[in-house]
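See structure below.
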Amino acid sequence: MDVFVGITGASGAPYARRLVQALVAGGHTVGAAFSSAAPQVTGQELYGDLRMPRDEVIERWLADTGLPADRLFEAHDFGSPYASGSARWDAAVICPCSMDTLATLASGAGSNLLHRAASVALKEDRKLILVPRETPLSTIHLENLLRIRRAGAHVLPAMPAFYQLPESIEDMIDFVVAKVLNLLGLEQSLLGEWDAGITPS
Ligand SMILES: Cc1cc2nc3c(=O)[nH]c(=O)nc-3n(C[C@H](O)[C@H](O)[C@H](O)COP(=O)(O)O)c2cc1C
């Protein structure tokens, strides 16, 4: 599968890193892009430094994920295949998805590659998964989520569960990433099937 992963400046950089790691390890073709806000949040959440220079964040992130450098596209690289409906990629995931990016997508506007790839996925009827992160949610956020869902996107909030008895933060990250992989229709081993006589969602 050929998947675009767009990373915004919402909290949740560990989800994006794990998702890209899993896709790369699974042998999938992955293209990724950070929004202009995302490297700062990634620097803070993965490397403990909100002021880490962007290039250093990117270098460490590429080493962590195993993504080849030429598969990380600039935020405004509209020459990337993921900016085009004629290129035959399969799905786009925006993970994590900020409320700013959500609002942009819900309005049909766009100014960067993440917006464009999501918009292409909608117009071409390809899978689009948004992993929003914000709390609490305003009426505007909720209306935007409903609007984008009605337009065909899957809304998969970054909401780890506890019924599988997570033992670490990594287990909680894996829960959300497994849900994304399941929704993409991919085999995953991060989360087993729930089998305790009840069917939580
Ligand atoms: C440490 C940090 C955490 C943030 N967490 C969130 C968040 O969880 N959700 C959100 O919508 N914005 C969050 N923001 C704000 C976004 O980064 C900001 O709104 C930005 O404009 C998003 O732009 P983008 O969607 O292009 O990445 C956070 C910012 C920082 C610095």
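Here's how to read the names in the structure tokens: chain A, B, ... by the order shown, residue numbers from 1 in each chain, ligand numbers from 1 in the order shown.
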*asked:* Using DSSP secondary structure from the backbone, list all helix (DSSP H, G or I) positions within stretch 40-107 of chain A, as a PyMOL selection string.
replied: chain A and resi 40-47+54-65+69-71+81-83+99-107
File of the preceding selection, N, CA, C and O atoms, as a compact mmCIF listing (two decimals), in the first residue's frame:
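Done, and the output landed in result-v6.txt:
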# COMPACT_ATOMS: atom_id res chain seq x y z
N GLN A 40 8.31 21.55 15.79
CA GLN A 40 8.47 22.09 17.15
C GLN A 40 7.83 21.17 18.18
O GLN A 40 8.42 20.85 19.21
N VAL A 41 6.60 20.73 17.87
CA VAL A 41 5.89 19.85 18.81
C VAL A 41 6.60 18.50 18.88
O VAL A 41 6.75 17.90 19.95
N THR A 42 7.09 18.03 17.73
CA THR A 42 7.84 16.76 17.70
C THR A 42 9.12 16.88 18.53
O THR A 42 9.47 15.97 19.29
N GLY A 43 9.81 18.01 18.41
CA GLY A 43 11.02 18.23 19.21
C GLY A 43 10.71 18.13 20.69
O GLY A 43 11.46 17.51 21.46
N GLN A 44 9.61 18.72 21.10
CA GLN A 44 9.22 18.68 22.51
C GLN A 44 8.80 17.28 22.94
O GLN A 44 9.25 16.76 23.95
N GLU A 45 7.92 16.67 22.16
CA GLU A 45 7.28 15.43 22.63
C GLU A 45 8.15 14.18 22.47
O GLU A 45 8.00 13.24 23.23
N LEU A 46 9.04 14.20 21.47
CA LEU A 46 9.90 13.01 21.30
C LEU A 46 11.28 13.21 21.88
O LEU A 46 11.92 12.26 22.31
N TYR A 47 11.76 14.45 21.86
CA TYR A 47 13.16 14.67 22.24
C TYR A 47 13.32 15.67 23.39
O TYR A 47 14.44 16.04 23.73
N ARG A 54 14.91 22.60 13.66
CA ARG A 54 14.09 21.75 12.80
C ARG A 54 14.91 20.62 12.14
O ARG A 54 14.49 19.47 12.12
N ASP A 55 16.09 20.98 11.63
CA ASP A 55 16.91 19.98 10.92
C ASP A 55 17.30 18.82 11.84
O ASP A 55 17.36 17.66 11.41
N GLU A 56 17.55 19.16 13.11
CA GLU A 56 17.94 18.11 14.05
C GLU A 56 16.74 17.21 14.37
O GLU A 56 16.87 15.98 14.47
N VAL A 57 15.56 17.84 14.52
CA VAL A 57 14.34 17.06 14.75
C VAL A 57 14.14 16.08 13.60
O VAL A 57 13.91 14.88 13.80
N ILE A 58 14.27 16.60 12.39
CA ILE A 58 14.02 15.77 11.19
C ILE A 58 15.03 14.63 11.12
O ILE A 58 14.67 13.47 10.85
N GLU A 59 16.29 14.95 11.37
CA GLU A 59 17.34 13.92 11.30
C GLU A 59 17.06 12.79 12.29
O GLU A 59 17.14 11.60 11.96
N ARG A 60 16.72 13.18 13.52
CA ARG A 60 16.46 12.15 14.55
C ARG A 60 15.21 11.36 14.21
O ARG A 60 15.14 10.14 14.41
N TRP A 61 14.20 12.06 13.70
CA TRP A 61 12.92 11.41 13.39
C TRP A 61 13.09 10.40 12.25
O TRP A 61 12.55 9.30 12.29
N LEU A 62 13.87 10.76 11.24
CA LEU A 62 14.11 9.84 10.12
C LEU A 62 14.85 8.60 10.62
O LEU A 62 14.52 7.46 10.25
N ALA A 63 15.83 8.81 11.50
CA ALA A 63 16.57 7.66 12.05
C ALA A 63 15.64 6.79 12.88
O ALA A 63 15.69 5.55 12.82
N ASP A 64 14.74 7.40 13.64
CA ASP A 64 13.80 6.64 14.48
C ASP A 64 12.82 5.82 13.66
O ASP A 64 12.44 4.71 14.04
N THR A 65 12.33 6.41 12.58
CA THR A 65 11.25 5.77 11.83
C THR A 65 11.74 4.82 10.76
O THR A 65 10.99 3.94 10.33
N ALA A 69 15.12 9.50 3.62
CA ALA A 69 15.03 10.97 3.61
C ALA A 69 14.24 11.49 2.41
O ALA A 69 13.53 12.49 2.50
N ASP A 70 14.38 10.78 1.27
CA ASP A 70 13.69 11.29 0.07
C ASP A 70 12.19 10.98 0.08
O ASP A 70 11.47 11.33 -0.85
N ARG A 71 11.70 10.34 1.15
CA ARG A 71 10.26 10.10 1.28
C ARG A 71 9.62 11.07 2.27
O ARG A 71 8.43 10.95 2.57
N PRO A 81 4.02 13.44 -5.37
CA PRO A 81 2.90 12.66 -5.91
C PRO A 81 1.63 12.79 -5.07
O PRO A 81 0.53 12.64 -5.60
N TYR A 82 1.80 13.08 -3.79
CA TYR A 82 0.62 13.12 -2.91
C TYR A 82 -0.20 14.40 -3.09
O TYR A 82 -1.26 14.56 -2.50
N ALA A 83 0.30 15.30 -3.93
CA ALA A 83 -0.47 16.51 -4.24
C ALA A 83 -1.35 16.29 -5.46
O ALA A 83 -2.11 17.18 -5.86
N MET A 99 -6.58 21.11 15.31
CA MET A 99 -7.88 21.73 15.03
C MET A 99 -7.76 22.74 13.90
O MET A 99 -8.73 22.98 13.17
N ASP A 100 -6.57 23.33 13.73
CA ASP A 100 -6.36 24.26 12.60
C ASP A 100 -6.44 23.51 11.27
O ASP A 100 -7.11 23.95 10.32
N THR A 101 -5.73 22.38 11.21
CA THR A 101 -5.77 21.59 9.96
C THR A 101 -7.17 21.03 9.74
O THR A 101 -7.68 21.04 8.60
N LEU A 102 -7.82 20.58 10.79
CA LEU A 102 -9.21 20.10 10.66
C LEU A 102 -10.10 21.19 10.06
O LEU A 102 -10.88 20.94 9.13
N ALA A 103 -9.98 22.40 10.60
CA ALA A 103 -10.82 23.51 10.13
C ALA A 103 -10.55 23.81 8.66
O ALA A 103 -11.48 24.05 7.87
N THR A 104 -9.28 23.77 8.30
CA THR A 104 -8.92 24.01 6.89
C THR A 104 -9.55 22.96 5.99
O THR A 104 -10.17 23.27 4.97
N LEU A 105 -9.41 21.69 6.38
CA LEU A 105 -9.95 20.60 5.56
C LEU A 105 -11.47 20.69 5.48
O LEU A 105 -12.06 20.49 4.41
N ALA A 106 -12.10 20.99 6.62
CA ALA A 106 -13.57 21.03 6.65
C ALA A 106 -14.12 22.17 5.80
O ALA A 106 -15.25 22.11 5.32
N SER A 107 -13.29 23.20 5.60
CA SER A 107 -13.74 24.35 4.80
C SER A 107 -13.47 24.14 3.31
O SER A 107 -13.92 24.93 2.48
With the cut-off set at 6 Å and counting only C-alpha atoms and all ligand atoms, tabulate each residue of chain A with an atom at most that distance from an atom of ligand 1, showing the nearest atom pair and its distance in Å to one decimal, ordered by chain and increasing number, as JSON lines.
{"residue": "A:Thr8", "atom": "CA", "partner": "ligand 1", "partner_atom_place_in_ligand_line": "27 (O)", "distance": 3.5}
{"residue": "A:Gly9", "atom": "CA", "partner": "ligand 1", "partner_atom_place_in_ligand_line": "17 (O)", "distance": 3.5}
{"residue": "A:Ala10", "atom": "CA", "partner": "ligand 1", "partner_atom_place_in_ligand_line": "6 (C)", "distance": 3.5}
{"residue": "A:Ser11", "atom": "CA", "partner": "ligand 1", "partner_atom_place_in_ligand_line": "8 (O)", "distance": 3.9}
{"residue": "A:Ser35", "atom": "CA", "partner": "ligand 1", "partner_atom_place_in_ligand_line": "27 (O)", "distance": 4.8}
{"residue": "A:Ser36", "atom": "CA", "partner": "ligand 1", "partner_atom_place_in_ligand_line": "26 (O)", "distance": 5.9}
{"residue": "A:Ala37", "atom": "CA", "partner": "ligand 1", "partner_atom_place_in_ligand_line": "27 (O)", "distance": 4.5}
{"residue": "A:Ala38", "atom": "CA", "partner": "ligand 1", "partner_atom_place_in_ligand_line": "27 (O)", "distance": 5.3}
{"residue": "A:Val41", "atom": "CA", "partner": "ligand 1", "partner_atom_place_in_ligand_line": "1 (C)", "distance": 4.9}
{"residue": "A:Ser98", "atom": "CA", "partner": "ligand 1", "partner_atom_place_in_ligand_line": "11 (O)", "distance": 3.4}
{"residue": "A:Met99", "atom": "CA", "partner": "ligand 1", "partner_atom_place_in_ligand_line": "11 (O)", "distance": 3.8}
{"residue": "A:Asp100", "atom": "CA", "partner": "ligand 1", "partner_atom_place_in_ligand_line": "25 (O)", "distance": 4.6}
{"residue": "A:Thr101", "atom": "CA", "partner": "ligand 1", "partner_atom_place_in_ligand_line": "25 (O)", "distance": 4.0}
{"residue": "A:Arg133", "atom": "CA", "partner": "ligand 1", "partner_atom_place_in_ligand_line": "8 (O)", "distance": 4.7}
{"residue": "A:Glu134", "atom": "CA", "partner": "ligand 1", "partner_atom_place_in_ligand_line": "9 (N)", "distance": 4.3}
With N, CA and C atoms retained, export the selected residues as a compact mmCIF listing (two decimals), in the first residue's frame.
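And here is the file that came out, out.txt:
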# COMPACT_ATOMS: atom_id res chain seq x y z
N THR A 8 0.81 17.09 11.85
CA THR A 8 0.56 18.50 12.18
C THR A 8 1.14 18.84 13.54
N GLY A 9 0.90 20.06 13.96
CA GLY A 9 1.41 20.54 15.25
C GLY A 9 0.48 20.27 16.41
N ALA A 10 -0.44 19.32 16.29
CA ALA A 10 -1.20 18.88 17.47
C ALA A 10 -0.31 18.00 18.32
N SER A 11 -0.64 17.90 19.59
CA SER A 11 0.05 16.95 20.44
C SER A 11 -0.20 15.54 19.91
N SER A 35 3.74 19.57 8.90
CA SER A 35 3.30 20.96 8.74
C SER A 35 4.39 21.86 9.31
N SER A 36 4.26 23.16 9.11
CA SER A 36 5.32 24.04 9.63
C SER A 36 5.36 24.02 11.15
N ALA A 37 4.22 23.73 11.81
CA ALA A 37 4.19 23.71 13.27
C ALA A 37 4.68 22.39 13.86
N ALA A 38 4.67 21.33 13.06
CA ALA A 38 4.89 19.99 13.61
C ALA A 38 6.30 19.72 14.15
N VAL A 41 6.60 20.73 17.87
CA VAL A 41 5.89 19.85 18.81
C VAL A 41 6.60 18.50 18.88
N SER A 98 -4.33 18.59 13.98
CA SER A 98 -4.66 19.76 14.81
C SER A 98 -6.06 20.28 14.44
N MET A 99 -6.58 21.11 15.31
CA MET A 99 -7.88 21.73 15.03
C MET A 99 -7.76 22.74 13.90
N ASP A 100 -6.57 23.33 13.73
CA ASP A 100 -6.36 24.26 12.60
C ASP A 100 -6.44 23.51 11.27
N THR A 101 -5.73 22.38 11.21
CA THR A 101 -5.77 21.59 9.96
C THR A 101 -7.17 21.03 9.74
N ARG A 133 -6.62 15.63 17.83
CA ARG A 133 -6.23 15.70 19.25
C ARG A 133 -6.47 17.12 19.75
N GLU A 134 -7.40 17.23 20.61
CA GLU A 134 -7.66 18.49 21.32
C GLU A 134 -8.62 18.16 22.44
_To one decimal place in Å, what is the distance between atom CA of A:Ala178 and atom CA of A:Leu190?_
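Taking atom CA of A:Ala178 and atom CA of A:Leu190, their separation equals 5.8 Å.
The closest residue to A:Glu170, picked from A:Phe4, A:Phe34, A:Trp89, A:Tyr15 and counting only C-alpha atoms, is A:Tyr15.
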*Please give the complete set of residues from stretch 75-119 of chain A that DSSP, run on the backbone, assigns to strand (DSSP E or B), formatted as a PyMOL selection string.*
chain A and resi 91-97
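Using only C-alpha atoms, the smallest distance between any of A:Gly66, A:Pro136, A:Gly79, A:Pro53 and A:Gly27 comes from A:Gly66.
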*If we count only C-alpha atoms, what is near A:His115 at a cut-off of 9 Å, once residues fewer than 2 positions away on the same chain are taken out, given as a PyMOL selection string?*
chain A and resi 6+83+101+104-105+108-113+117-120
Writer output for current selection, N, CA and C atoms, as a compact mmCIF listing (two decimals), in the first residue's frame:
# COMPACT_ATOMS: atom_id res chain seq x y z
N GLY A 6 0.58 12.71 7.05
CA GLY A 6 0.77 14.13 7.32
C GLY A 6 0.79 14.35 8.83
N ALA A 83 0.30 15.30 -3.93
CA ALA A 83 -0.47 16.51 -4.24
C ALA A 83 -1.35 16.29 -5.46
N THR A 101 -5.73 22.38 11.21
CA THR A 101 -5.77 21.59 9.96
C THR A 101 -7.17 21.03 9.74
N THR A 104 -9.28 23.77 8.30
CA THR A 104 -8.92 24.01 6.89
C THR A 104 -9.55 22.96 5.99
N LEU A 105 -9.41 21.69 6.38
CA LEU A 105 -9.95 20.60 5.56
C LEU A 105 -11.47 20.69 5.48
N GLY A 108 -12.69 23.11 3.00
CA GLY A 108 -12.35 22.88 1.60
C GLY A 108 -11.18 23.72 1.13
N ALA A 109 -10.57 24.45 2.06
CA ALA A 109 -9.42 25.28 1.70
C ALA A 109 -8.13 24.46 1.88
N GLY A 110 -7.01 25.11 1.61
CA GLY A 110 -5.75 24.40 1.81
C GLY A 110 -4.58 25.26 1.39
N SER A 111 -3.46 25.11 2.12
CA SER A 111 -2.29 25.90 1.76
C SER A 111 -1.00 25.10 1.88
N ASN A 112 -1.08 23.83 2.25
CA ASN A 112 0.15 23.04 2.29
C ASN A 112 -0.12 21.63 1.75
N LEU A 113 0.95 20.82 1.70
CA LEU A 113 0.83 19.49 1.10
C LEU A 113 -0.11 18.58 1.89
N ALA A 117 -3.11 16.74 0.06
CA ALA A 117 -3.22 15.27 0.00
C ALA A 117 -4.57 14.83 0.57
N ALA A 118 -5.00 15.46 1.66
CA ALA A 118 -6.30 15.10 2.25
C ALA A 118 -7.43 15.43 1.29
N SER A 119 -7.32 16.58 0.66
CA SER A 119 -8.35 17.00 -0.29
C SER A 119 -8.40 16.09 -1.51
N VAL A 120 -7.20 15.66 -1.98
CA VAL A 120 -7.15 14.72 -3.11
C VAL A 120 -7.80 13.40 -2.70
*asked:* Ranking A:Val176, A:Leu181, A:Ile140, A:Ala32 by minimum distance to A:Ile7 and counting only C-alpha atoms, which one comes first?
replied: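 Checking each of A:Val176, A:Leu181, A:Ile140, A:Ala32 against A:Ile7, counting only C-alpha atoms, the winner is A:Ala32.
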*Have a look at A:Ala33, A:Val3, A:Ile173, A:Ala161 and name the one nearest to A:Ala87; count only C-alpha atoms.*
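The shortest atom-to-atom distance to A:Ala87 comes from A:Val3.
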*asked:* I'd like to know which of A:Asp171, A:Leu156, A:Val24, A:His76 is closest to A:Cys95, using only C-alpha atoms.
replied: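 Closest candidate: A:Leu156.
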*d(atom CA of A:Pro132, atom CA of A:Ala158) in Å*: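 Rounded to one decimal, the two atoms are 6.2 Å apart.
Residues in contact with A:Asp2 at 9 Å, where only C-alpha atoms are counted and same-chain residues fewer than 3 positions away are skipped, are listed as His28, Thr29, Val30, Gly31, Arg88, Trp89, Asp90, Ala91 and Ala92 of chain A.
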Atoms to include: all heavy atoms. Write the selected residues as a PDB file, in the first residue's frame.
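File written: again.pdb
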ATOM      1  N   HIS A  28       5.509  -1.140   3.347  1.00  0.00           N
ATOM      2  CA  HIS A  28       4.640  -0.264   2.567  1.00  0.00           C
ATOM      3  C   HIS A  28       5.411   0.940   2.031  1.00  0.00           C
ATOM      4  O   HIS A  28       6.434   1.327   2.584  1.00  0.00           O
ATOM      5  CB  HIS A  28       3.458   0.190   3.430  1.00  0.00           C
ATOM      6  CG  HIS A  28       2.631  -0.962   3.895  1.00  0.00           C
ATOM      7  ND1 HIS A  28       1.761  -1.642   3.073  1.00  0.00           N
ATOM      8  CD2 HIS A  28       2.598  -1.616   5.083  1.00  0.00           C
ATOM      9  CE1 HIS A  28       1.211  -2.636   3.735  1.00  0.00           C
ATOM     10  NE2 HIS A  28       1.704  -2.651   4.962  1.00  0.00           N
ATOM     11  N   THR A  29       4.879   1.523   0.966  1.00  0.00           N
ATOM     12  CA  THR A  29       5.445   2.765   0.460  1.00  0.00           C
ATOM     13  C   THR A  29       4.851   3.897   1.282  1.00  0.00           C
ATOM     14  O   THR A  29       3.630   4.014   1.389  1.00  0.00           O
ATOM     15  CB  THR A  29       5.084   2.946  -1.027  1.00  0.00           C
ATOM     16  OG1 THR A  29       5.589   1.821  -1.748  1.00  0.00           O
ATOM     17  CG2 THR A  29       5.665   4.232  -1.587  1.00  0.00           C
ATOM     18  N   VAL A  30       5.718   4.692   1.871  1.00  0.00           N
ATOM     19  CA  VAL A  30       5.253   5.770   2.742  1.00  0.00           C
ATOM     20  C   VAL A  30       5.836   7.086   2.270  1.00  0.00           C
ATOM     21  O   VAL A  30       7.032   7.177   1.988  1.00  0.00           O
ATOM     22  CB  VAL A  30       5.687   5.531   4.217  1.00  0.00           C
ATOM     23  CG1 VAL A  30       5.120   6.612   5.125  1.00  0.00           C
ATOM     24  CG2 VAL A  30       5.252   4.155   4.702  1.00  0.00           C
ATOM     25  N   GLY A  31       4.985   8.098   2.175  1.00  0.00           N
ATOM     26  CA  GLY A  31       5.446   9.466   1.991  1.00  0.00           C
ATOM     27  C   GLY A  31       4.937  10.249   3.178  1.00  0.00           C
ATOM     28  O   GLY A  31       3.800  10.037   3.615  1.00  0.00           O
ATOM     29  N   ARG A  88      -1.063   7.364  -8.320  1.00  0.00           N
ATOM     30  CA  ARG A  88      -1.953   6.301  -7.850  1.00  0.00           C
ATOM     31  C   ARG A  88      -1.589   5.803  -6.455  1.00  0.00           C
ATOM     32  O   ARG A  88      -1.370   4.614  -6.253  1.00  0.00           O
ATOM     33  CB  ARG A  88      -1.977   5.176  -8.878  1.00  0.00           C
ATOM     34  CG  ARG A  88      -2.466   5.656 -10.242  1.00  0.00           C
ATOM     35  CD  ARG A  88      -2.722   4.532 -11.198  1.00  0.00           C
ATOM     36  NE  ARG A  88      -3.814   3.677 -10.771  1.00  0.00           N
ATOM     37  CZ  ARG A  88      -5.099   3.968 -10.926  1.00  0.00           C
ATOM     38  NH1 ARG A  88      -5.470   5.113 -11.442  1.00  0.00           N
ATOM     39  NH2 ARG A  88      -6.021   3.116 -10.528  1.00  0.00           N
ATOM     40  N   TRP A  89      -1.522   6.719  -5.494  1.00  0.00           N
ATOM     41  CA  TRP A  89      -1.332   6.294  -4.101  1.00  0.00           C
ATOM     42  C   TRP A  89      -2.689   5.922  -3.504  1.00  0.00           C
ATOM     43  O   TRP A  89      -3.740   6.196  -4.089  1.00  0.00           O
ATOM     44  CB  TRP A  89      -0.610   7.384  -3.307  1.00  0.00           C
ATOM     45  CG  TRP A  89      -1.148   8.773  -3.472  1.00  0.00           C
ATOM     46  CD1 TRP A  89      -0.806   9.669  -4.444  1.00  0.00           C
ATOM     47  CD2 TRP A  89      -2.130   9.423  -2.657  1.00  0.00           C
ATOM     48  NE1 TRP A  89      -1.506  10.834  -4.279  1.00  0.00           N
ATOM     49  CE2 TRP A  89      -2.324  10.713  -3.189  1.00  0.00           C
ATOM     50  CE3 TRP A  89      -2.849   9.061  -1.528  1.00  0.00           C
ATOM     51  CZ2 TRP A  89      -3.213  11.638  -2.631  1.00  0.00           C
ATOM     52  CZ3 TRP A  89      -3.734   9.963  -0.963  1.00  0.00           C
ATOM     53  CH2 TRP A  89      -3.910  11.231  -1.517  1.00  0.00           C
ATOM     54  N   ASP A  90      -2.666   5.277  -2.325  1.00  0.00           N
ATOM     55  CA  ASP A  90      -3.888   4.632  -1.838  1.00  0.00           C
ATOM     56  C   ASP A  90      -4.642   5.385  -0.745  1.00  0.00           C
ATOM     57  O   ASP A  90      -5.869   5.360  -0.719  1.00  0.00           O
ATOM     58  CB  ASP A  90      -3.546   3.235  -1.292  1.00  0.00           C
ATOM     59  CG  ASP A  90      -2.922   2.370  -2.366  1.00  0.00           C
ATOM     60  OD1 ASP A  90      -3.595   2.137  -3.381  1.00  0.00           O
ATOM     61  OD2 ASP A  90      -1.760   1.959  -2.203  1.00  0.00           O
ATOM     62  N   ALA A  91      -3.913   5.969   0.205  1.00  0.00           N
ATOM     63  CA  ALA A  91      -4.602   6.508   1.384  1.00  0.00           C
ATOM     64  C   ALA A  91      -3.778   7.622   2.010  1.00  0.00           C
ATOM     65  O   ALA A  91      -2.556   7.676   1.822  1.00  0.00           O
ATOM     66  CB  ALA A  91      -4.813   5.389   2.410  1.00  0.00           C
ATOM     67  N   ALA A  92      -4.481   8.487   2.740  1.00  0.00           N
ATOM     68  CA  ALA A  92      -3.792   9.550   3.485  1.00  0.00           C
ATOM     69  C   ALA A  92      -4.235   9.492   4.944  1.00  0.00           C
ATOM     70  O   ALA A  92      -5.411   9.276   5.241  1.00  0.00           O
ATOM     71  CB  ALA A  92      -4.114  10.922   2.888  1.00  0.00           C
TER      72      ALA A  92
END
*Which value, in Å to one decimal, gives the distance between atom CA of A:Phe162 and atom CA of A:Leu130?*
21.6 Å
